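The data block below is my_file24.txt; it holds compact mmCIF, C-alpha atoms and all ligand atoms.
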```
# COMPACT_ATOMS: atom_id res chain seq x y z
CA MET A 1133 -6.93 27.80 6.20
CA ALA A 1134 -5.80 26.54 2.79
CA ALA A 1135 -3.35 23.64 2.49
CA LEU A 1136 0.36 24.39 2.20
CA CYS A 1137 1.80 23.80 -1.21
CA TRP A 1138 3.58 20.46 -1.47
CA GLU A 1139 7.09 21.98 -1.46
CA GLU A 1140 6.33 23.76 1.82
CA PHE A 1141 4.98 20.55 3.32
CA TYR A 1142 8.25 18.78 2.56
CA ARG A 1143 10.29 21.69 3.89
CA GLU A 1144 8.34 21.92 7.15
CA ASN A 1145 8.08 18.22 7.95
CA PRO A 1146 11.56 16.72 8.39
CA GLU A 1147 12.64 13.60 6.54
CA PRO A 1148 12.77 10.33 8.46
CA LYS A 1149 16.30 9.63 9.74
CA HIS A 1150 16.85 6.57 7.55
CA ILE A 1151 15.70 8.25 4.31
CA SER A 1152 19.07 8.13 2.54
CA PHE A 1153 19.36 4.39 3.21
CA VAL A 1154 15.81 3.87 1.91
CA LYS A 1155 16.64 5.93 -1.15
CA SER A 1156 19.71 3.87 -1.98
CA GLN A 1157 17.79 0.59 -1.52
CA ILE A 1158 14.94 1.68 -3.79
CA THR A 1159 17.24 3.20 -6.40
CA GLU A 1160 19.35 0.04 -6.60
CA PHE A 1161 16.21 -2.12 -6.85
CA CYS A 1162 14.70 0.00 -9.65
CA GLU A 1163 17.99 0.19 -11.55
CA LYS A 1164 18.37 -3.62 -11.51
CA TYR A 1165 14.90 -4.19 -12.98
CA ARG A 1166 15.21 -1.33 -15.44
CA ARG A 1167 18.32 -3.04 -16.85
CA GLU A 1168 16.48 -6.38 -16.95
CA GLN A 1169 13.41 -4.72 -18.52
CA ILE A 1170 11.11 -6.11 -15.84
CA PRO A 1171 8.15 -3.95 -14.79
CA VAL A 1172 8.20 -2.62 -11.24
CA VAL A 1173 5.13 -1.86 -9.15
CA LEU A 1174 5.07 0.31 -6.05
CA VAL A 1175 2.37 -0.99 -3.71
CA THR A 1176 1.50 1.22 -0.74
CA SER A 1177 -0.49 -0.33 2.07
CA GLY A 1178 -1.92 0.33 5.53
CA GLY A 1179 -2.96 3.48 7.38
CA THR A 1180 -0.83 6.53 8.19
CA THR A 1181 -0.70 7.97 11.71
CA VAL A 1182 -0.87 11.64 12.63
CA PRO A 1183 0.94 12.07 15.97
CA LEU A 1184 -0.29 14.70 18.43
CA GLU A 1185 3.01 14.87 20.33
CA HIS A 1186 6.67 14.61 19.25
CA ASN A 1187 7.19 12.06 22.02
CA THR A 1188 4.15 10.29 20.77
CA VAL A 1189 1.62 8.84 23.16
CA ARG A 1190 -1.47 9.72 21.11
CA TYR A 1191 -2.12 9.74 17.43
CA ILE A 1192 -4.95 9.76 14.87
CA ASP A 1193 -5.03 6.82 12.50
CA ASN A 1194 -6.66 5.93 9.19
CA PHE A 1195 -8.30 2.54 8.98
CA SER A 1196 -6.59 -0.14 6.91
CA ALA A 1197 -5.62 -3.68 7.88
CA GLY A 1198 -3.23 -3.90 4.93
CA THR A 1199 -4.96 -6.87 3.30
CA ARG A 1200 -5.41 -5.15 -0.06
CA GLY A 1201 -1.75 -4.23 -0.41
CA ALA A 1202 -0.30 -7.47 0.97
CA ALA A 1203 -2.56 -9.73 -1.12
CA SER A 1204 -2.06 -7.65 -4.27
CA THR A 1205 1.72 -7.86 -3.83
CA GLU A 1206 1.56 -11.67 -3.99
CA TYR A 1207 -0.51 -11.50 -7.20
CA PHE A 1208 1.81 -8.94 -8.82
CA LEU A 1209 4.73 -11.26 -8.10
CA THR A 1210 2.93 -14.16 -9.83
CA HIS A 1211 2.50 -11.88 -12.88
CA GLY A 1212 6.27 -11.38 -13.05
CA TYR A 1213 6.47 -7.89 -11.52
CA ALA A 1214 9.17 -6.76 -9.14
CA VAL A 1215 7.42 -5.16 -6.14
CA ILE A 1216 8.30 -2.37 -3.75
CA PHE A 1217 5.95 -2.96 -0.83
CA LEU A 1218 5.73 0.24 1.23
CA HIS A 1219 3.55 -0.55 4.22
CA ARG A 1220 2.53 0.63 7.64
CA SER A 1221 4.75 -1.03 10.20
CA LYS A 1222 2.98 -4.06 11.76
CA SER A 1223 0.17 -4.13 9.19
CA LEU A 1224 -0.26 -7.26 7.07
CA GLU A 1225 2.64 -8.38 4.88
CA PRO A 1226 2.68 -10.69 1.87
CA PHE A 1227 3.00 -14.43 2.71
CA THR A 1228 3.06 -14.09 6.51
CA ARG A 1229 -0.48 -12.65 6.34
CA HIS A 1230 -1.73 -16.22 5.84
CA PHE A 1231 -0.53 -17.13 9.32
CA PRO A 1232 -1.81 -14.72 11.93
CA SER A 1233 0.20 -15.10 15.12
CA SER A 1234 -2.78 -16.59 16.96
CA SER A 1235 -2.86 -19.55 14.54
CA LEU A 1236 0.88 -19.96 14.05
CA LEU A 1237 1.31 -22.48 16.83
CA GLU A 1238 -1.71 -24.42 15.50
CA VAL A 1239 0.28 -25.26 12.38
CA LEU A 1240 3.04 -27.00 14.33
CA HIS A 1241 3.18 -30.12 16.44
CA ILE A 1242 5.85 -31.92 18.41
CA ALA A 1243 7.15 -35.11 16.76
CA HIS A 1244 10.12 -37.47 17.29
CA ASP A 1245 13.06 -37.98 14.95
CA HIS A 1246 14.57 -41.44 14.26
CA HIS A 1247 16.69 -41.16 17.42
CA GLY A 1248 13.55 -40.62 19.47
CA LYS A 1249 14.48 -36.97 20.07
CA ASP A 1250 11.80 -34.30 20.11
CA CYS A 1251 11.50 -32.26 16.93
CA ILE A 1252 8.94 -29.91 15.45
CA ALA A 1253 6.85 -30.76 12.39
CA VAL A 1254 3.99 -29.20 10.46
CA ALA A 1255 0.64 -30.73 11.36
CA SER A 1256 -0.33 -32.98 8.43
CA ASP A 1257 -3.75 -31.37 7.94
CA LYS A 1258 -2.05 -27.96 7.59
CA VAL A 1259 0.45 -28.94 4.89
CA LYS A 1260 -1.94 -28.21 2.02
CA ASP A 1261 -2.41 -24.63 3.29
CA LEU A 1262 1.23 -24.01 4.12
CA LEU A 1263 2.89 -25.56 1.07
CA PRO A 1264 1.76 -23.13 -1.68
CA VAL A 1265 2.52 -20.13 0.53
CA LEU A 1266 5.97 -21.45 1.42
CA GLN A 1267 6.70 -22.22 -2.24
CA ALA A 1268 5.66 -18.74 -3.37
CA TYR A 1269 7.64 -17.18 -0.50
CA GLN A 1270 10.82 -19.10 -1.31
CA THR A 1271 10.54 -18.35 -5.03
CA THR A 1272 10.24 -14.66 -4.18
CA ARG A 1273 13.15 -14.82 -1.71
CA SER A 1274 15.47 -16.37 -4.27
CA SER A 1275 14.39 -14.04 -7.09
CA GLY A 1276 14.94 -10.96 -4.91
CA LYS A 1277 11.91 -9.37 -6.56
CA LEU A 1278 10.33 -8.05 -3.37
CA LEU A 1279 11.58 -5.01 -1.45
CA ILE A 1280 9.74 -4.47 1.84
CA LEU A 1281 9.81 -1.02 3.46
CA SER A 1282 7.75 0.39 6.30
CA PHE A 1283 6.41 3.69 7.62
CA THR A 1284 4.31 4.72 10.60
CA THR A 1285 3.48 8.42 10.35
CA LEU A 1286 1.91 10.42 7.53
CA SER A 1287 5.09 12.45 7.17
CA GLU A 1288 7.32 9.34 6.89
CA TYR A 1289 4.93 7.92 4.31
CA LEU A 1290 4.92 11.07 2.18
CA HIS A 1291 8.72 11.39 2.25
CA MET A 1292 9.14 7.74 1.30
CA LEU A 1293 6.51 8.02 -1.43
CA ARG A 1294 8.41 10.85 -3.08
CA VAL A 1295 11.74 9.04 -2.88
CA ALA A 1296 10.16 5.87 -4.33
CA ALA A 1297 8.39 7.73 -7.13
CA GLU A 1298 11.57 9.58 -8.13
CA ALA A 1299 13.51 6.31 -8.20
CA LEU A 1300 10.81 4.78 -10.44
CA GLN A 1301 11.02 7.62 -12.96
CA PRO A 1302 13.78 6.05 -15.10
CA LEU A 1303 11.52 3.01 -15.68
CA GLY A 1304 9.14 5.24 -17.64
CA ARG A 1305 6.01 3.37 -18.70
CA LYS A 1306 7.25 0.16 -17.09
CA ALA A 1307 6.53 1.60 -13.63
CA LEU A 1308 3.14 0.93 -12.08
CA LEU A 1309 1.95 2.68 -8.92
CA TYR A 1310 -0.77 1.05 -6.84
CA LEU A 1311 -1.54 3.47 -4.04
CA ALA A 1312 -3.70 1.48 -1.62
CA ALA A 1313 -2.43 3.04 1.62
CA ALA A 1314 -5.09 4.89 3.60
CA VAL A 1315 -3.62 8.37 3.80
CA SER A 1316 -4.81 11.01 6.23
CA ASP A 1317 -6.23 14.24 4.78
CA PHE A 1318 -5.49 16.09 8.04
CA TYR A 1319 -2.40 16.55 10.17
CA VAL A 1320 -0.76 18.50 12.99
CA PRO A 1321 2.12 20.55 11.52
CA HIS A 1322 5.55 19.72 12.93
CA GLU A 1323 6.01 23.09 14.62
CA ASN A 1324 2.52 23.04 16.24
CA MET A 1325 3.00 19.65 17.84
CA ALA A 1326 3.38 19.39 21.64
CA VAL A 1327 6.78 18.03 22.66
CA HIS A 1328 5.58 15.91 25.58
CA LYS A 1329 2.40 14.04 26.42
CA ILE A 1330 -0.58 16.40 26.50
CA HIS A 1331 -2.11 16.46 29.99
CA SER A 1332 -5.81 16.40 30.88
CA SER A 1333 -5.06 18.78 33.77
CA GLU A 1334 -4.78 21.47 31.09
CA GLY A 1335 -8.50 21.04 30.33
CA PRO A 1336 -10.34 19.85 27.20
CA LEU A 1337 -8.16 19.40 24.17
CA ASN A 1338 -8.80 21.74 21.26
CA LEU A 1339 -7.32 20.29 18.12
CA GLN A 1340 -7.05 22.06 14.85
CA LEU A 1341 -5.85 19.84 12.07
CA GLN A 1342 -4.41 21.29 8.88
CA LEU A 1343 -5.11 20.02 5.40
CA VAL A 1344 -2.51 17.74 3.84
CA PRO A 1345 -1.56 19.01 0.37
CA LYS A 1346 -2.61 16.74 -2.49
CA LEU A 1347 0.63 14.94 -3.26
CA LEU A 1348 -0.82 13.03 -6.20
CA GLN A 1349 -0.54 16.25 -8.19
CA PRO A 1350 3.29 16.55 -8.19
CA LEU A 1351 3.59 12.75 -8.25
CA VAL A 1352 1.72 12.46 -11.55
CA ARG A 1353 3.06 15.66 -13.07
CA PHE A 1354 6.72 15.71 -12.02
CA TRP A 1355 7.94 12.57 -10.27
CA VAL A 1356 6.62 9.76 -12.51
CA PRO A 1357 5.08 11.52 -15.55
CA ASP A 1358 5.25 8.42 -17.77
CA ALA A 1359 4.18 5.75 -15.27
CA PHE A 1360 0.83 4.01 -14.95
CA VAL A 1361 -0.55 5.54 -11.75
CA THR A 1362 -3.50 3.98 -9.93
CA SER A 1363 -4.99 5.37 -6.73
CA PHE A 1364 -7.77 4.11 -4.47
CA LYS A 1365 -10.79 6.10 -3.37
CA LEU A 1366 -12.42 5.04 -0.13
CA GLU A 1367 -15.86 6.21 0.94
CA THR A 1368 -18.53 5.05 3.37
CA ASP A 1369 -21.38 6.76 1.49
CA GLU A 1370 -22.10 4.93 -1.76
CA GLY A 1371 -23.93 7.96 -3.13
CA ILE A 1372 -20.76 10.02 -3.57
CA LEU A 1373 -18.17 7.33 -4.34
CA LEU A 1374 -18.09 7.46 -8.14
CA GLU A 1375 -18.37 11.23 -8.22
CA LYS A 1376 -15.33 11.46 -5.91
CA ALA A 1377 -13.43 8.98 -8.06
CA TYR A 1378 -14.06 11.09 -11.18
CA GLN A 1379 -13.04 14.25 -9.36
CA ALA A 1380 -9.72 12.62 -8.45
CA LEU A 1381 -9.12 11.50 -12.06
CA GLN A 1382 -9.91 14.98 -13.29
CA LYS A 1383 -7.73 16.71 -10.73
CA TYR A 1384 -4.62 14.56 -10.97
CA GLY A 1385 -4.82 13.31 -14.54
CA HIS A 1386 -3.63 9.79 -13.68
CA LYS A 1387 -4.78 6.58 -15.32
CA LEU A 1388 -7.16 4.92 -12.92
CA VAL A 1389 -9.03 5.28 -9.65
CA ILE A 1390 -10.18 2.13 -7.91
CA ALA A 1391 -13.33 3.05 -6.01
CA ASN A 1392 -14.37 1.05 -2.96
CA GLN A 1393 -16.63 1.28 0.06
CA LEU A 1394 -15.38 0.37 3.49
CA HIS A 1395 -18.03 -2.22 4.32
CA ASN A 1396 -17.90 -4.29 1.13
CA ARG A 1397 -14.34 -3.63 -0.07
CA LYS A 1398 -13.62 -7.36 -0.24
CA GLN A 1399 -16.64 -8.03 -2.50
CA LYS A 1400 -16.77 -5.09 -4.88
CA VAL A 1401 -14.61 -2.37 -6.41
CA VAL A 1402 -15.07 -0.24 -9.53
CA LEU A 1403 -12.13 0.57 -11.82
CA VAL A 1404 -12.80 4.12 -12.98
CA SER A 1405 -10.91 5.58 -15.94
CA GLN A 1406 -11.67 8.49 -18.30
CA GLU A 1407 -13.09 6.01 -20.81
CA LYS A 1408 -15.13 3.62 -18.68
CA GLN A 1409 -16.16 2.05 -15.39
CA VAL A 1410 -15.32 -1.61 -14.86
CA PRO A 1411 -16.93 -3.19 -11.79
CA ILE A 1412 -15.15 -6.16 -10.23
CA VAL A 1413 -17.43 -8.27 -8.09
CA MET A 1414 -16.94 -11.48 -6.12
CA THR A 1415 -19.72 -14.06 -6.21
CA GLU A 1416 -20.95 -15.76 -3.03
CA GLU A 1417 -19.39 -18.98 -4.31
CA GLU A 1418 -15.98 -17.36 -4.87
CA MET A 1419 -16.10 -15.90 -1.36
CA ARG A 1420 -16.96 -19.32 0.10
CA GLN A 1421 -13.97 -20.84 -1.70
CA GLY A 1422 -11.71 -18.23 -0.07
CA LYS A 1423 -10.89 -16.51 -3.37
CA GLU A 1424 -9.68 -12.92 -3.11
CA ILE A 1425 -10.84 -9.86 -5.04
CA GLU A 1426 -7.19 -8.70 -5.30
CA GLU A 1427 -6.52 -11.59 -7.70
CA LYS A 1428 -9.09 -10.14 -10.13
CA ILE A 1429 -8.00 -6.53 -9.59
CA VAL A 1430 -4.35 -7.35 -10.28
CA LEU A 1431 -5.25 -9.45 -13.35
CA GLU A 1432 -7.20 -6.54 -14.80
CA LEU A 1433 -4.52 -4.03 -13.90
CA THR A 1434 -1.59 -5.97 -15.32
CA SER A 1435 -3.52 -6.38 -18.56
CA LEU A 1436 -4.27 -2.63 -18.71
CA HIS A 1437 -0.60 -1.93 -17.97
CA THR A 1438 0.54 -4.32 -20.73
CA LYS A 1439 -1.79 -2.57 -23.23
CA PHE A 1440 -0.41 0.78 -22.10
CA LEU A 1441 3.14 -0.48 -22.68
CA HIS A 1442 2.26 -1.40 -26.23
CA GLU A 1443 0.60 1.90 -27.09
CA ILE A 1444 2.76 4.26 -29.06
CA ALA A 1445 4.06 6.74 -26.52
C1 LIG B 1 -8.26 1.95 -0.05
O1 LIG B 1 -9.31 2.40 -0.42
C2 LIG B 1 -8.05 0.47 0.24
O2 LIG B 1 -8.74 -0.31 -0.70
C3 LIG B 1 -8.48 0.05 1.68
C4 LIG B 1 -8.09 -1.42 1.85
C5 LIG B 1 -7.73 0.91 2.71
C6 LIG B 1 -9.98 0.21 1.88
P1 LIG B 1 -7.52 -3.06 3.81
O3 LIG B 1 -6.14 -2.50 3.95
O4 LIG B 1 -8.44 -1.93 3.10
O5 LIG B 1 -7.53 -4.29 2.92
O6 LIG B 1 -8.19 -3.30 5.14
N1 LIG B 1 -7.17 2.76 0.10
C7 LIG B 1 -7.13 4.17 -0.18
C8 LIG B 1 -7.69 4.98 0.90
C9 LIG B 1 -7.42 6.46 0.77
O7 LIG B 1 -6.99 7.04 1.73
N2 LIG B 1 -7.66 7.10 -0.38
C10 LIG B 1 -7.65 8.54 -0.49
C11 LIG B 1 -9.08 9.01 -0.49
O8 LIG B 1 -10.02 8.17 -0.50
C12 LIG B 1 -7.05 8.96 -1.81
S1 LIG B 1 -5.34 8.64 -1.92
O9 LIG B 1 -9.29 10.23 -0.47
```
Just give me the structure of the file as structure tokens.
Amino acid sequence: MAALCWEEFYRENPEPKHISFVKSQITEFCEKYRREQIPVVLVTSGGTTVPLEHNTVRYIDNFSAGTRGAASTEYFLTHGYAVIFLHRSKSLEPFTRHFPSSSLLEVLHIAHDHHGKDCIAVASDKVKDLLPVLQAYQTTRSSGKLLILSFTTLSEYLHMLRVAAEALQPLGRKALLYLAAAVSDFYVPHENMAVHKIHSSEGPLNLQLQLVPKLLQPLVRFWVPDAFVTSFKLETDEGILLEKAYQALQKYGHKLVIANQLHNRKQKVVLVSQEKQVPIVMTEEEMRQGKEIEEKIVLELTSLHTKFLHEIA
């Protein structure tokens, strides 16, 4: 069966309950930076779930730890961008990602203040790791340049994406979209979903998943026609990766597809545009030093965006 058109998808899959609050937060954020002439980037991050039941016990998920989006957000902030970070609930977030919960207690130790009372301090060998993160975090907190929003399901994500894109429209060319979330191509339509937990006593489960309409089409054409839109293409078969990236460019007419493979996504990506392919590769040495590929991706992207801003519209 063919995919629904995007309007039907939005009609048939209800908005998340908090959508009007989300809308007012994003609109206010975009309006502030539009007035201040500061570029705004929408970073999407993490995988979307496709629930099998309304009272969800089981769901299908797309793989993504959220490293790409969370790390890139930190680099966009250092380049002066205001960032809307739309991420899968409980996936990695900027700044806190450096301290996974398992190592959080390792950073602290019990000390004594001058009255001999117990207090908590940062272990001295951890200060050099913690300090730059804490500085960047506090700078961001006081600037107010980071808006963090979360989704869980595919439908929540797609509703929030539309609201965010429409709010970015008044920024024109100053809006950058960096769509790194891993978005399902398949879903169970709202009206076909079981209400309660599906039981094994009913026998083997036959699932038919419908195709998700390609939302990049209306996004590029109607919601943010002037913005610099970048999407990611993920494949596991290297042989088809670039071909798929070009197909996406062709189909949606946006500026850039960042092509990556699952197994080496932290070492190599290719920036694919109509004009050229720019590979970004990490050396062994850079990896050993703990450098991140997102630093290079964001550097390249902000420079492409700056050039785009200076072109005659
Ligand atoms: C990506 O390709 C991201 O780079 C990763 C990042 C999900 C691989 P991590 O979060 O991984 O750092 O662990 N995202 C886009 C994936 C996607 O679903 N793309 C669609 C496709 O490939 C197009 S929108 O068809």
Taking all atoms listed in the file into account, produce a table as a Markdown table in which each residue of region 1207-1258 of chain A with an atom at most 6 Å from an atom of region 1270-1283 of chain A appears once, together with its shortest atom pair and the distance in Å to one decimal, ordered by chain and rising number.
```
| residue | atom | partner | partner_atom | distance |
| --- | --- | --- | --- | --- |
| A:Ala1214 | CA | A:Lys1277 | CA | 4.6 |
| A:Val1215 | CA | A:Leu1278 | CA | 4.9 |
| A:Ile1216 | CA | A:Leu1279 | CA | 4.8 |
| A:Phe1217 | CA | A:Ile1280 | CA | 4.9 |
| A:Leu1218 | CA | A:Leu1281 | CA | 4.8 |
| A:His1219 | CA | A:Ser1282 | CA | 4.8 |
| A:Arg1220 | CA | A:Phe1283 | CA | 4.9 |
| A:Ser1221 | CA | A:Ser1282 | CA | 5.1 |
```
Pick out the residues no farther than 9 Å from ligand LIG 1 (chain B), counting all atoms listed in the file, and list them as a PyMOL selection string. chain A and resi 1176-1180+1194-1203+1223-1224+1311-1317+1346-1348+1363-1367+1376-1377+1380+1389-1395+1397-1398+1401
Please provide the set of residues having any atom within 12 Å of region 1410-1414 of chain A, restricted to all atoms listed in the file, with same-chain residues fewer than 5 positions apart removed, written as JSON, numbers by chain. {"A": [1374, 1388, 1389, 1390, 1391, 1392, 1396, 1397, 1398, 1399, 1400, 1401, 1402, 1403, 1404, 1405, 1419, 1420, 1421, 1422, 1423, 1424, 1425, 1426, 1427, 1428, 1429, 1430, 1431, 1432, 1433, 1436]}
Go through A:Glu1206, A:Glu1147, A:Glu1407, A:Glu1140 one by one, measure the shortest atom-to-atom distance of each to Tyr1289 (chain A) using all atoms listed in the file, and give the residue with the smallest value. A:Glu1147
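The two atoms in question, CA of Leu1343 (chain A) and CA of Trp1138 (chain A), are spaced 11.1 Å apart.
Put simply, CA of Asp1245 (chain A) is 21.2 Å away from CA of Leu1263 (chain A).
Minimum distance to Glu1298 (chain A) across A:Tyr1319, A:Phe1231, A:Phe1354, A:Tyr1269 (counting all atoms listed in the file) occurs at A:Phe1354.
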For Val1254 (chain A): contacts at 7 Å, only C-alpha atoms, fewer than 5 positions along chain excluded, given as a VMD selection string: chain A and resid 1239 to 1241 1259
Once you have the residues from the selection above, write them out as a compact mmCIF listing (two decimals), keeping the file's coordinate frame, restricted to C-alpha atoms.
```txt
# COMPACT_ATOMS: atom_id res chain seq x y z
CA VAL A 1239 0.28 -25.26 12.38
CA LEU A 1240 3.04 -27.00 14.33
CA HIS A 1241 3.18 -30.12 16.44
CA VAL A 1259 0.45 -28.94 4.89
```
Shell of 12 Å around Leu1300 (chain A), only C-alpha atoms, local chain residues under 6 positions omitted, as a ChimeraX atom specification: /A:1155,1158-1166,1171-1174,1214-1216,1293-1294,1306-1309,1351-1352,1354-1361
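Coordinates place CA of Phe1208 (chain A) at a distance of 12.0 Å from CA of Ile1170 (chain A).
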Restricting the calculation to only C-alpha atoms, which member of A:Leu1209, A:Leu1339, A:Ala1255, A:Ala1268 is positioned closest to Thr1228 (chain A)? A:Ala1268
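Of the residues under consideration (A:Cys1251, A:Ala1296, A:Leu1184, A:Ile1242), A:Leu1184 shows the shortest atom-to-atom contact distance to His1328 (chain A) when counting only C-alpha atoms.
Residue nearest Gln1349 (chain A), chosen from A:Tyr1384, A:Tyr1207, A:Phe1440, A:Phe1153 and counting all atoms listed in the file: A:Tyr1384.
Proximity of A:His1247, A:His1437, A:Met1292, A:Tyr1142 to Ser1156 (chain A), computed with only C-alpha atoms, is greatest for A:Met1292.
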Generate the coordinates of N, CA and C atoms for region 1253-1267 of chain A; report them as a PDB file, keeping the file's coordinate frame.
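What landed in result33.pdb:
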```
ATOM      1  N   ALA A1253       7.303 -30.486  13.754  1.00  0.00           N
ATOM      2  CA  ALA A1253       6.850 -30.760  12.390  1.00  0.00           C
ATOM      3  C   ALA A1253       5.570 -29.968  12.123  1.00  0.00           C
ATOM      4  N   VAL A1254       5.245 -29.870  10.824  1.00  0.00           N
ATOM      5  CA  VAL A1254       3.990 -29.200  10.460  1.00  0.00           C
ATOM      6  C   VAL A1254       2.861 -30.218  10.569  1.00  0.00           C
ATOM      7  N   ALA A1255       1.786 -29.830  11.219  1.00  0.00           N
ATOM      8  CA  ALA A1255       0.640 -30.730  11.360  1.00  0.00           C
ATOM      9  C   ALA A1255       0.173 -31.163   9.971  1.00  0.00           C
ATOM     10  N   SER A1256      -0.091 -32.482   9.792  1.00  0.00           N
ATOM     11  CA  SER A1256      -0.330 -32.980   8.430  1.00  0.00           C
ATOM     12  C   SER A1256      -1.553 -32.324   7.779  1.00  0.00           C
ATOM     13  N   ASP A1257      -2.567 -31.984   8.561  1.00  0.00           N
ATOM     14  CA  ASP A1257      -3.750 -31.370   7.940  1.00  0.00           C
ATOM     15  C   ASP A1257      -3.513 -29.907   7.557  1.00  0.00           C
ATOM     16  N   LYS A1258      -2.340 -29.360   7.923  1.00  0.00           N
ATOM     17  CA  LYS A1258      -2.050 -27.960   7.590  1.00  0.00           C
ATOM     18  C   LYS A1258      -1.109 -27.840   6.380  1.00  0.00           C
ATOM     19  N   VAL A1259      -0.556 -28.994   5.966  1.00  0.00           N
ATOM     20  CA  VAL A1259       0.450 -28.940   4.890  1.00  0.00           C
ATOM     21  C   VAL A1259      -0.132 -28.334   3.615  1.00  0.00           C
ATOM     22  N   LYS A1260      -1.361 -28.720   3.287  1.00  0.00           N
ATOM     23  CA  LYS A1260      -1.940 -28.210   2.020  1.00  0.00           C
ATOM     24  C   LYS A1260      -2.120 -26.685   2.033  1.00  0.00           C
ATOM     25  N   ASP A1261      -2.307 -26.096   3.207  1.00  0.00           N
ATOM     26  CA  ASP A1261      -2.410 -24.630   3.290  1.00  0.00           C
ATOM     27  C   ASP A1261      -1.032 -23.977   3.252  1.00  0.00           C
ATOM     28  N   LEU A1262      -0.091 -24.627   3.953  1.00  0.00           N
ATOM     29  CA  LEU A1262       1.230 -24.010   4.120  1.00  0.00           C
ATOM     30  C   LEU A1262       2.101 -24.122   2.863  1.00  0.00           C
ATOM     31  N   LEU A1263       1.980 -25.278   2.187  1.00  0.00           N
ATOM     32  CA  LEU A1263       2.890 -25.560   1.070  1.00  0.00           C
ATOM     33  C   LEU A1263       2.890 -24.496  -0.038  1.00  0.00           C
ATOM     34  N   PRO A1264       1.717 -24.133  -0.599  1.00  0.00           N
ATOM     35  CA  PRO A1264       1.760 -23.130  -1.680  1.00  0.00           C
ATOM     36  C   PRO A1264       2.302 -21.781  -1.227  1.00  0.00           C
ATOM     37  N   VAL A1265       2.032 -21.415   0.024  1.00  0.00           N
ATOM     38  CA  VAL A1265       2.520 -20.130   0.530  1.00  0.00           C
ATOM     39  C   VAL A1265       4.037 -20.182   0.669  1.00  0.00           C
ATOM     40  N   LEU A1266       4.529 -21.293   1.232  1.00  0.00           N
ATOM     41  CA  LEU A1266       5.970 -21.450   1.420  1.00  0.00           C
ATOM     42  C   LEU A1266       6.697 -21.485   0.067  1.00  0.00           C
ATOM     43  N   GLN A1267       6.088 -22.167  -0.903  1.00  0.00           N
ATOM     44  CA  GLN A1267       6.700 -22.220  -2.240  1.00  0.00           C
ATOM     45  C   GLN A1267       6.785 -20.823  -2.851  1.00  0.00           C
TER      46      GLN A1267
END
```
